[in-house]
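Shown below: coords33.txt, with compact mmCIF, C-alpha atoms and all ligand atoms.
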# COMPACT_ATOMS: atom_id res chain seq x y z
CA MET A 123 112.64 97.15 113.80
CA PRO A 124 112.84 100.89 114.54
CA GLN A 125 111.91 102.04 118.02
CA SER A 126 108.49 103.57 118.31
CA THR A 127 106.24 104.87 121.05
CA ALA A 128 102.76 103.37 121.33
CA ILE A 129 99.81 105.34 122.67
CA THR A 130 96.68 103.27 123.07
CA VAL A 131 93.36 104.92 122.26
CA ARG A 132 90.51 103.27 124.19
CA THR A 133 87.04 104.34 123.09
CA ALA A 134 83.62 102.84 123.76
CA SER A 135 83.76 100.97 120.43
CA ALA A 136 87.44 100.03 120.00
CA ALA A 137 91.00 100.08 121.31
CA TYR A 138 93.96 100.64 119.01
CA ASP A 139 97.50 101.91 119.03
CA VAL A 140 98.90 105.10 117.62
CA LEU A 141 102.57 104.35 116.90
CA VAL A 142 105.04 107.19 116.59
CA GLY A 143 108.56 106.47 115.36
CA ARG A 144 111.08 107.16 112.64
CA GLY A 145 111.03 104.68 109.77
CA LEU A 146 107.56 103.36 110.67
CA VAL A 147 106.41 103.81 107.08
CA ARG A 148 108.36 100.63 106.26
CA GLN A 149 106.78 98.75 109.17
CA VAL A 150 103.08 99.41 108.65
CA ALA A 151 102.30 95.96 107.22
CA VAL A 152 104.26 94.16 109.94
CA GLN A 153 102.60 96.21 112.68
CA VAL A 154 99.17 95.50 111.18
CA HIS A 155 99.93 91.77 111.14
CA LEU A 156 101.16 91.92 114.74
CA ARG A 157 97.70 93.20 115.65
CA GLY A 158 95.95 90.22 114.08
CA VAL A 159 94.78 91.94 110.88
CA ARG A 160 95.97 89.81 107.95
CA PRO A 161 94.43 91.32 104.85
CA ALA A 162 94.33 89.40 101.59
CA ALA A 163 94.66 92.76 99.85
CA ALA A 164 95.58 96.31 100.83
CA ALA A 165 94.02 99.31 99.09
CA VAL A 166 96.61 102.01 99.76
CA VAL A 167 94.75 105.28 99.20
CA CYS A 168 97.08 108.27 98.96
CA ASP A 169 97.56 111.90 98.18
CA SER A 170 99.60 111.93 94.95
CA ALA A 171 102.17 114.18 96.72
CA VAL A 172 103.13 111.22 98.92
CA GLU A 173 102.77 108.44 96.36
CA PRO A 174 106.38 107.25 96.90
CA ALA A 175 105.61 106.62 100.59
CA ALA A 176 102.38 104.86 99.60
CA ARG A 177 104.36 102.60 97.27
CA VAL A 178 106.69 101.67 100.14
CA VAL A 179 103.66 100.78 102.28
CA ALA A 180 102.18 98.72 99.42
CA GLN A 181 105.47 96.84 98.84
CA GLU A 182 105.62 95.90 102.51
CA PHE A 183 102.08 94.47 102.37
CA GLU A 184 103.16 92.46 99.33
CA ALA A 185 106.20 91.24 101.27
CA GLN A 186 103.74 89.99 103.91
CA GLY A 187 101.89 88.00 101.23
CA ALA A 188 99.00 90.39 100.53
CA ARG A 189 98.00 91.85 97.19
CA ALA A 190 98.34 95.63 97.20
CA CYS A 191 97.25 98.48 94.97
CA VAL A 192 98.03 102.20 95.24
CA LEU A 193 95.04 104.46 94.64
CA PRO A 194 95.93 108.18 94.43
CA VAL A 195 93.14 110.69 95.13
CA ARG A 196 92.84 114.48 94.88
CA ALA A 197 93.72 115.81 98.32
CA SER A 198 91.72 119.04 98.37
CA GLU A 199 88.65 119.92 100.42
CA ALA A 200 86.74 120.04 97.10
CA GLY A 201 87.99 116.52 96.39
CA LYS A 202 86.45 115.23 99.62
CA SER A 203 83.20 114.71 97.77
CA LEU A 204 80.57 112.08 97.14
CA GLU A 205 81.93 111.80 93.59
CA ALA A 206 85.44 111.12 94.92
CA LEU A 207 84.03 108.52 97.31
CA GLY A 208 82.15 106.80 94.49
CA ASP A 209 85.21 106.91 92.25
CA LEU A 210 87.40 105.45 95.00
CA CYS A 211 84.94 102.63 95.65
CA ASP A 212 84.78 101.91 91.89
CA ARG A 213 88.57 101.62 91.81
CA MET A 214 88.58 99.35 94.88
CA LEU A 215 86.01 97.10 93.19
CA ALA A 216 88.07 97.06 89.97
CA ALA A 217 91.15 96.12 92.01
CA GLY A 218 89.29 93.15 93.48
CA ILE A 219 89.19 94.44 97.07
CA ASP A 220 86.61 92.45 99.02
CA ARG A 221 85.74 91.96 102.67
CA ALA A 222 89.14 90.35 103.22
CA GLY A 223 90.78 93.64 102.24
CA THR A 224 92.02 96.58 104.29
CA VAL A 225 92.17 100.26 103.42
CA VAL A 226 95.42 102.05 104.25
CA ALA A 227 95.16 105.86 104.13
CA VAL A 228 98.49 107.56 103.39
CA GLY A 229 98.15 111.35 103.42
CA GLY A 230 96.75 114.32 105.28
CA GLY A 231 93.34 114.95 106.77
CA VAL A 232 91.41 114.91 103.48
CA VAL A 233 92.78 111.51 102.44
CA GLY A 234 92.26 110.13 105.95
CA ASP A 235 88.64 111.31 106.07
CA LEU A 236 87.80 110.08 102.56
CA ALA A 237 89.60 106.72 102.79
CA GLY A 238 88.35 106.22 106.36
CA PHE A 239 84.75 106.74 105.27
CA ALA A 240 85.25 104.46 102.26
CA ALA A 241 86.56 101.75 104.62
CA ALA A 242 83.65 102.32 107.03
CA THR A 243 81.06 101.77 104.31
CA TYR A 244 82.68 99.59 101.61
CA MET A 245 81.00 96.16 101.68
CA ARG A 246 79.45 97.24 105.01
CA GLY A 247 82.81 98.06 106.48
CA ILE A 248 86.38 96.77 106.22
CA PRO A 249 89.40 97.62 108.43
CA CYS A 250 91.24 100.89 108.02
CA VAL A 251 94.82 101.83 108.90
CA GLN A 252 95.85 105.47 109.00
CA VAL A 253 99.34 106.58 107.95
CA PRO A 254 99.17 110.37 108.36
CA THR A 255 101.75 112.39 106.45
CA THR A 256 101.04 115.91 107.77
CA LEU A 257 101.58 117.20 111.30
CA LEU A 258 97.92 118.19 111.49
CA ALA A 259 96.78 114.68 110.61
CA MET A 260 99.26 113.07 113.04
CA VAL A 261 98.24 115.16 116.04
CA ASP A 262 94.55 115.47 115.24
CA ALA A 263 92.70 114.21 112.17
CA ALA A 264 93.98 110.61 112.05
CA VAL A 265 93.23 109.98 115.73
CA GLY A 266 89.69 109.53 116.99
CA GLY A 267 87.81 107.89 114.15
CA LYS A 268 86.08 110.85 112.51
CA THR A 269 85.56 110.07 108.81
CA ALA A 270 83.47 112.02 106.31
CA VAL A 271 82.94 113.61 102.93
CA ASN A 272 81.43 117.01 102.15
CA VAL A 273 78.08 117.38 100.41
CA VAL A 274 77.06 120.21 98.06
CA ARG A 275 73.72 121.71 99.10
CA ALA A 276 70.97 122.55 96.60
CA ASP A 277 72.04 126.23 96.77
CA GLY A 278 75.62 125.27 95.80
CA SER A 279 77.16 125.82 99.24
CA LEU A 280 79.31 123.13 100.86
CA ALA A 281 78.02 121.18 103.86
CA LYS A 282 81.36 120.15 105.37
CA ASN A 283 81.56 116.58 106.68
CA ALA A 284 77.81 116.16 106.16
CA LEU A 285 78.11 112.45 105.37
CA GLY A 286 80.37 110.37 107.55
CA SER A 287 80.76 108.10 110.51
CA PHE A 288 82.73 107.52 113.67
CA ALA A 289 84.83 104.53 112.62
CA GLN A 290 88.00 103.91 114.60
CA PRO A 291 91.06 102.70 112.65
CA ARG A 292 92.87 99.46 113.57
CA LEU A 293 96.19 101.28 113.76
CA VAL A 294 97.64 104.75 113.25
CA ALA A 295 101.32 104.87 112.23
CA CYS A 296 103.04 108.27 112.47
CA ASP A 297 106.51 108.46 110.93
CA PRO A 298 108.09 111.88 111.59
CA ASP A 299 110.50 111.30 108.69
CA LEU A 300 107.48 111.78 106.42
CA LEU A 301 107.29 115.40 107.60
CA ALA A 302 110.71 116.24 106.09
CA THR A 303 109.15 117.47 102.85
CA LEU A 304 106.00 118.98 104.34
CA PRO A 305 105.72 122.63 103.20
CA ALA A 306 106.47 125.05 106.07
CA ARG A 307 102.97 126.51 105.95
CA GLU A 308 101.45 123.05 106.34
CA LEU A 309 103.77 122.27 109.25
CA ARG A 310 102.64 125.47 110.97
CA SER A 311 99.02 124.49 110.33
CA GLY A 312 99.58 121.42 112.51
CA LEU A 313 101.32 123.54 115.14
CA ALA A 314 98.13 125.57 115.58
CA GLU A 315 96.37 122.38 116.71
CA CYS A 316 99.25 121.66 119.13
CA VAL A 317 98.83 125.16 120.66
CA LYS A 318 95.10 124.44 120.91
CA HIS A 319 95.86 121.17 122.75
CA ALA A 320 98.24 123.04 125.06
CA VAL A 321 95.49 125.45 126.10
CA ILE A 322 93.03 122.60 126.60
CA ALA A 323 95.18 120.17 128.55
CA ASP A 324 98.94 120.75 128.55
CA PRO A 325 99.92 124.32 129.56
CA ALA A 326 103.64 123.43 129.73
CA GLN A 327 103.52 122.68 126.03
CA LEU A 328 103.35 126.38 125.18
CA GLY A 329 106.85 126.92 126.59
CA TRP A 330 108.00 123.56 125.20
CA ILE A 331 107.07 124.61 121.66
CA THR A 332 108.47 128.13 122.09
CA GLU A 333 111.82 126.76 123.27
CA ARG A 334 112.01 124.23 120.44
CA ALA A 335 110.66 126.44 117.66
CA ASP A 336 113.93 126.27 115.71
CA PRO A 337 114.23 122.47 115.49
CA ILE A 338 110.48 122.18 114.94
CA LEU A 339 110.55 124.61 112.01
CA ALA A 340 113.69 122.88 110.69
CA HIS A 341 111.61 119.66 110.56
CA ASP A 342 113.92 117.90 113.03
CA PRO A 343 112.35 114.42 113.11
CA ASP A 344 113.17 113.64 116.74
CA THR A 345 111.67 116.90 118.01
CA LEU A 346 108.63 116.43 115.77
CA GLY A 347 108.28 112.85 117.01
CA GLU A 348 108.19 114.09 120.63
CA LEU A 349 105.67 116.75 119.66
CA VAL A 350 103.43 114.17 118.00
CA VAL A 351 103.59 111.82 121.02
CA ARG A 352 102.71 114.65 123.39
CA ASN A 353 99.70 115.72 121.33
CA VAL A 354 98.42 112.24 120.50
CA ARG A 355 98.31 111.56 124.26
CA ILE A 356 96.02 114.56 124.72
CA LYS A 357 93.80 113.66 121.78
CA ALA A 358 93.64 109.98 122.88
CA SER A 359 92.55 110.91 126.36
CA ILE A 360 89.76 113.21 125.11
CA VAL A 361 88.35 110.86 122.47
CA GLY A 362 88.67 107.99 124.93
CA ALA A 363 86.35 109.87 127.29
CA ASP A 364 83.86 110.89 124.60
CA GLU A 365 84.11 109.05 121.28
CA ARG A 366 81.06 110.61 119.60
CA GLU A 367 81.39 114.21 120.76
CA ASP A 368 78.42 114.03 123.12
CA GLY A 369 80.36 116.01 125.71
CA VAL A 370 84.01 116.73 126.44
CA ARG A 371 85.27 116.08 122.88
CA ALA A 372 83.65 119.40 121.92
CA VAL A 373 86.52 121.22 123.66
CA LEU A 374 88.66 120.18 120.66
CA ASN A 375 86.72 122.85 118.77
CA LEU A 376 88.58 125.57 120.72
CA GLY A 377 89.30 128.39 118.26
CA HIS A 378 87.45 126.55 115.49
CA THR A 379 84.12 128.42 115.53
CA PHE A 380 86.08 131.65 115.06
CA GLY A 381 88.44 129.84 112.67
CA HIS A 382 85.67 128.40 110.47
CA ALA A 383 84.18 131.90 110.08
CA ILE A 384 87.60 133.19 108.97
CA GLU A 385 88.01 130.31 106.52
CA ALA A 386 84.52 130.88 105.12
CA LEU A 387 85.31 134.53 104.33
CA ALA A 388 89.01 134.34 103.46
CA HIS A 389 88.41 131.99 100.49
CA GLY A 390 91.64 130.01 100.73
CA GLN A 391 93.93 132.91 101.68
CA LEU A 392 94.56 131.30 105.09
CA THR A 393 95.29 127.68 105.92
CA HIS A 394 93.06 125.92 108.43
CA GLY A 395 95.83 126.25 111.03
CA GLU A 396 96.27 129.97 110.41
CA ALA A 397 92.54 130.49 110.87
CA VAL A 398 92.55 128.36 114.04
CA ALA A 399 95.55 130.30 115.40
CA VAL A 400 93.71 133.62 115.09
CA GLY A 401 90.55 131.92 116.39
CA THR A 402 92.37 130.64 119.47
CA VAL A 403 93.57 134.15 120.32
CA ALA A 404 90.00 135.42 119.92
CA ALA A 405 88.73 132.60 122.15
CA CYS A 406 91.26 133.61 124.83
CA ARG A 407 90.00 137.19 124.69
CA LEU A 408 86.45 135.85 125.02
CA GLY A 409 87.61 133.81 128.02
CA ALA A 410 88.91 136.98 129.66
CA SER A 411 85.59 138.77 129.27
CA VAL A 412 83.10 135.97 130.03
CA ALA A 413 85.05 133.63 132.32
CA GLY A 414 87.66 135.77 134.07
CA CYS A 415 90.52 134.07 132.20
CA ALA A 416 93.80 135.85 133.01
CA GLY A 417 95.22 138.09 130.29
CA ALA A 418 98.47 136.18 130.71
CA VAL A 419 96.83 133.19 128.95
CA GLU A 420 96.24 135.21 125.78
CA ASP A 421 99.77 136.62 126.06
CA ALA A 422 101.30 133.14 126.35
CA VAL A 423 99.27 131.86 123.39
CA ARG A 424 100.24 134.87 121.27
CA THR A 425 103.93 134.41 122.16
CA THR A 426 103.99 130.75 121.11
CA LEU A 427 101.97 131.29 117.93
CA ALA A 428 104.16 134.22 116.86
CA ARG A 429 107.35 132.29 117.62
CA VAL A 430 106.39 129.57 115.16
CA GLY A 431 105.24 132.06 112.52
CA LEU A 432 101.48 131.73 112.97
CA PRO A 433 99.25 134.81 112.80
CA VAL A 434 97.82 136.28 116.02
CA ARG A 435 95.67 138.83 114.16
CA LEU A 436 93.71 138.59 110.93
CA PRO A 437 96.30 138.93 108.15
CA VAL A 438 93.57 139.93 105.68
CA ALA A 439 90.87 142.57 106.19
CA LEU A 440 87.58 140.89 107.10
CA PRO A 441 84.48 142.82 108.20
CA LEU A 442 83.31 142.14 111.73
CA GLY A 443 79.64 141.94 110.74
CA ALA A 444 80.32 139.31 108.09
CA LEU A 445 82.43 137.29 110.57
CA MET A 446 79.56 137.41 113.11
CA ASP A 447 77.11 136.23 110.43
CA ALA A 448 79.43 133.43 109.28
CA MET A 449 79.90 132.33 112.87
CA ALA A 450 76.16 132.31 113.52
CA SER A 451 75.43 130.19 110.47
CA ASP A 452 78.28 127.76 111.32
CA LYS A 453 76.95 127.35 114.86
CA LYS A 454 73.36 127.00 113.64
CA ARG A 455 74.39 124.23 111.28
CA ARG A 456 76.35 122.53 114.03
CA ALA A 457 74.19 122.57 117.11
CA GLY A 458 71.08 124.66 116.70
CA GLU A 459 72.31 126.99 119.44
CA ALA A 460 75.27 129.26 119.99
CA ARG A 461 77.99 127.22 121.73
CA LEU A 462 81.55 128.41 122.05
CA VAL A 463 84.61 126.84 123.63
CA VAL A 464 85.99 129.27 126.18
CA PRO A 465 89.25 129.08 128.16
CA HIS A 466 88.82 129.76 131.89
CA ALA A 467 92.54 129.18 132.53
CA LEU A 468 95.32 127.20 130.88
CA GLY A 469 94.21 123.56 131.12
CA ASP A 470 90.59 124.52 131.93
CA VAL A 471 88.46 124.98 128.82
CA ARG A 472 84.66 124.77 128.83
CA VAL A 473 81.75 124.92 126.40
CA HIS A 474 79.50 127.97 126.87
CA ALA A 475 76.02 128.51 125.48
CA GLY A 476 74.39 131.92 125.19
CA VAL A 477 77.55 134.04 125.05
CA PRO A 478 76.44 137.70 124.60
CA PRO A 479 77.12 138.82 120.99
CA GLU A 480 78.84 142.03 122.17
CA ARG A 481 81.47 139.91 123.96
CA VAL A 482 82.04 137.95 120.73
CA ARG A 483 82.36 141.21 118.78
CA GLU A 484 85.00 142.41 121.28
CA ALA A 485 86.91 139.16 120.77
CA TRP A 486 86.83 139.68 117.00
CA ALA A 487 88.02 143.26 117.42
CA ALA A 488 90.97 142.01 119.51
CA VAL A 489 92.26 140.11 116.47
CA GLY A 490 91.78 143.01 114.08
CA ALA A 491 88.26 142.62 112.68
CA ALA A 492 86.79 146.03 111.91
N1 LIG A 501 89.34 117.35 115.23
C1 LIG A 501 88.44 117.37 116.32
C2 LIG A 501 87.99 116.01 116.71
O1 LIG A 501 88.54 115.03 116.28
O2 LIG A 501 87.05 115.90 117.45
Would you mind giving the structure from this file in structure tokens?
Ligand code: GLY
Amino acid sequence: MPQSTAITVRTASAAYDVLVGRGLVRQVAVQVHLRGVRPAAAAVVCDSAVEPAARVVAQEFEAQGARACVLPVRASEAGKSLEALGDLCDRMLAAGIDRAGTVVAVGGGVVGDLAGFAAATYMRGIPCVQVPTTLLAMVDAAVGGKTAVNVVRADGSLAKNALGSFAQPRLVACDPDLLATLPARELRSGLAECVKHAVIADPAQLGWITERADPILAHDPDTLGELVVRNVRIKASIVGADEREDGVRAVLNLGHTFGHAIEALAHGQLTHGEAVAVGTVAACRLGASVAGCAGAVEDAVRTTLARVGLPVRLPVALPLGALMDAMASDKKRRAGEARLVVPHALGDVRVHAGVPPERVREAWAAVGAA
């Protein structure tokens, strides 16, 4: 059996391992069995781009005596819909999956969210195993039990993650070999979340990533494995303290309120990670003006982001007024009041309410909004 590192996530509702190790994709079924889950059938839900890996996972469940089916889904934000959920459940019913079955999600964040929510609700809930295949999903989305689909509002706009649940998986298996074919832009998208984690809880990680930028960008599996372990530890500790985002888990939104506004206006021209990268720089500038955060923090964040090829300014022209409006509507939908995650120092990030709009405008201007 290949060597792997286990990080245990302990939340109020569950405890489970996140395994990180090369070759784990061939060990998922065995590791599930070792944890006392012995499904009669495995519904392996996957992004079609990683169907070969999903077939390997399915074969291993069959080798353990389970029935297995591979169910590809459309891995786009638009595909994370109620229709896709209904279609997936129809296919699980047709495949004879019942309460003795387990869902195994093989893919990025969209597949994990959709399959996780299907598992949480199918026949009132069956176990779910996450096998993330993107860096972003390994270090963030697959850990912590957030599952959801988007809902289209009556006016045609998208209410992101409007229907979902906190449902912790039984196991998360991260195989860095699966990242070998991840497009460079997607790899960098995950790196933005690692930089975010560094600012929140692991300042030394900024230098760690900067020094290892070459092997990281060359998809070196050992370096990526170390990176995943480091970031899963941070995520595990935060979701362990606050499973349902009643408190500290909100710090994981660092850079995201800015980032969501960018995504809303850039219409697919930036990846989520690119938007979060620019948003994290803006948040650092906000920290300098409202919390006395040293300018060196923004400098260090910019250095690391630039070293791995992430933007530190808006790469497309977006009007400041429209960004402010998008931010206000995102915040209104989220919490009913303006709350922003603000760095006070590296490793000290806090949620602020009532940040003066002129300070937010200055932060936008610092990343090139005009
Ligand atoms: N991705 C943020 C969270 O899991 O809370």
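Across the model, the gap from atom CA of A:Arg177 to atom CA of A:Asp209 is 20.3 Å.
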Using all atoms listed in the file, determine which residues fall within 12 Å of ligand LIG 501 (chain A), then list them as a ChimeraX atom specification. /A:231,235,258-270,283,287-290,312,315-316,318-319,354,356-379,394-395,398
Would you please work out which residue, of A:Arg148, A:Gly143, A:Ala185, A:Val463, is nearest to A:Pro343 when using all atoms listed in the file? A:Gly143
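Distances from A:Arg144, A:Arg355, A:Arg160, A:Lys282 to A:Glu199 were compared using all atoms listed in the file, and the smallest one belongs to A:Lys282.
Closest to A:Leu313 among A:Pro433, A:Pro249, A:Gly286, A:Gly238 is A:Pro433, based on all atoms listed in the file.
For the choices A:Arg352, A:Asp324, A:Ala487, A:Val232, the atom-to-atom distance to A:Gly401 is smallest for A:Ala487 when using all atoms listed in the file.
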Select all residues near (92.5, 141.4, 112.4) (cut-off 8 Å, inclusive, file coordinates), counting all atoms listed in the file, and output them as a count of residues only. 13
Contacts of A:Gly230 at 7 Å (only C-alpha atoms; same-chain gap of 3+ positions) as a PyMOL selection string: chain A and resi 233-234+254-256+259
Export, as a compact mmCIF listing (two decimals), in the frame of the given file, the selected residues with C-alpha atoms.
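Printed below is result.txt as written:
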# COMPACT_ATOMS: atom_id res chain seq x y z
CA VAL A 233 92.78 111.51 102.44
CA GLY A 234 92.26 110.13 105.95
CA PRO A 254 99.17 110.37 108.36
CA THR A 255 101.75 112.39 106.45
CA THR A 256 101.04 115.91 107.77
CA ALA A 259 96.78 114.68 110.61
Using only C-alpha atoms, which of A:Ser411, A:Ser170, A:Thr224, A:Gln252 sits nearest A:Arg189? A:Thr224
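Going from atom CA of A:Phe183 over to atom CA of A:Asp344, you cover 26.4 Å.
Straight-line separation from atom CA of A:Gly229 to atom CA of A:Leu210: 14.9 Å.
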Just want the 9 Å neighbourhood of A:Met446, counted on only C-alpha atoms, with same-chain residues fewer than 6 positions away dropped. Output as a PyMOL selection string. chain A and resi 380+383+479+482-483+486
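The shortest atom-to-atom distance to A:Asp336, with all atoms listed in the file taken into account, belongs to A:Val430 out of A:Ala418, A:Val147, A:Val430, A:Val412.
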Nearby residues, (77.7, 113.4, 93.1) file frame, 12 Å, all atoms listed in the file, as a PyMOL selection string: chain A and resi 200-209+271-276
Please dump the current selection as a PDB file, in the frame of the given file; keep C-alpha atoms.
ATOM      1  CA  ALA A 200      86.740 120.040  97.100  1.00  0.00           C
ATOM      2  CA  GLY A 201      87.990 116.520  96.390  1.00  0.00           C
ATOM      3  CA  LYS A 202      86.450 115.230  99.620  1.00  0.00           C
ATOM      4  CA  SER A 203      83.200 114.710  97.770  1.00  0.00           C
ATOM      5  CA  LEU A 204      80.570 112.080  97.140  1.00  0.00           C
ATOM      6  CA  GLU A 205      81.930 111.800  93.590  1.00  0.00           C
ATOM      7  CA  ALA A 206      85.440 111.120  94.920  1.00  0.00           C
ATOM      8  CA  LEU A 207      84.030 108.520  97.310  1.00  0.00           C
ATOM      9  CA  GLY A 208      82.150 106.800  94.490  1.00  0.00           C
ATOM     10  CA  ASP A 209      85.210 106.910  92.250  1.00  0.00           C
ATOM     11  CA  VAL A 271      82.940 113.610 102.930  1.00  0.00           C
ATOM     12  CA  ASN A 272      81.430 117.010 102.150  1.00  0.00           C
ATOM     13  CA  VAL A 273      78.080 117.380 100.410  1.00  0.00           C
ATOM     14  CA  VAL A 274      77.060 120.210  98.060  1.00  0.00           C
ATOM     15  CA  ARG A 275      73.720 121.710  99.100  1.00  0.00           C
ATOM     16  CA  ALA A 276      70.970 122.550  96.600  1.00  0.00           C
TER      17      ALA A 276
END
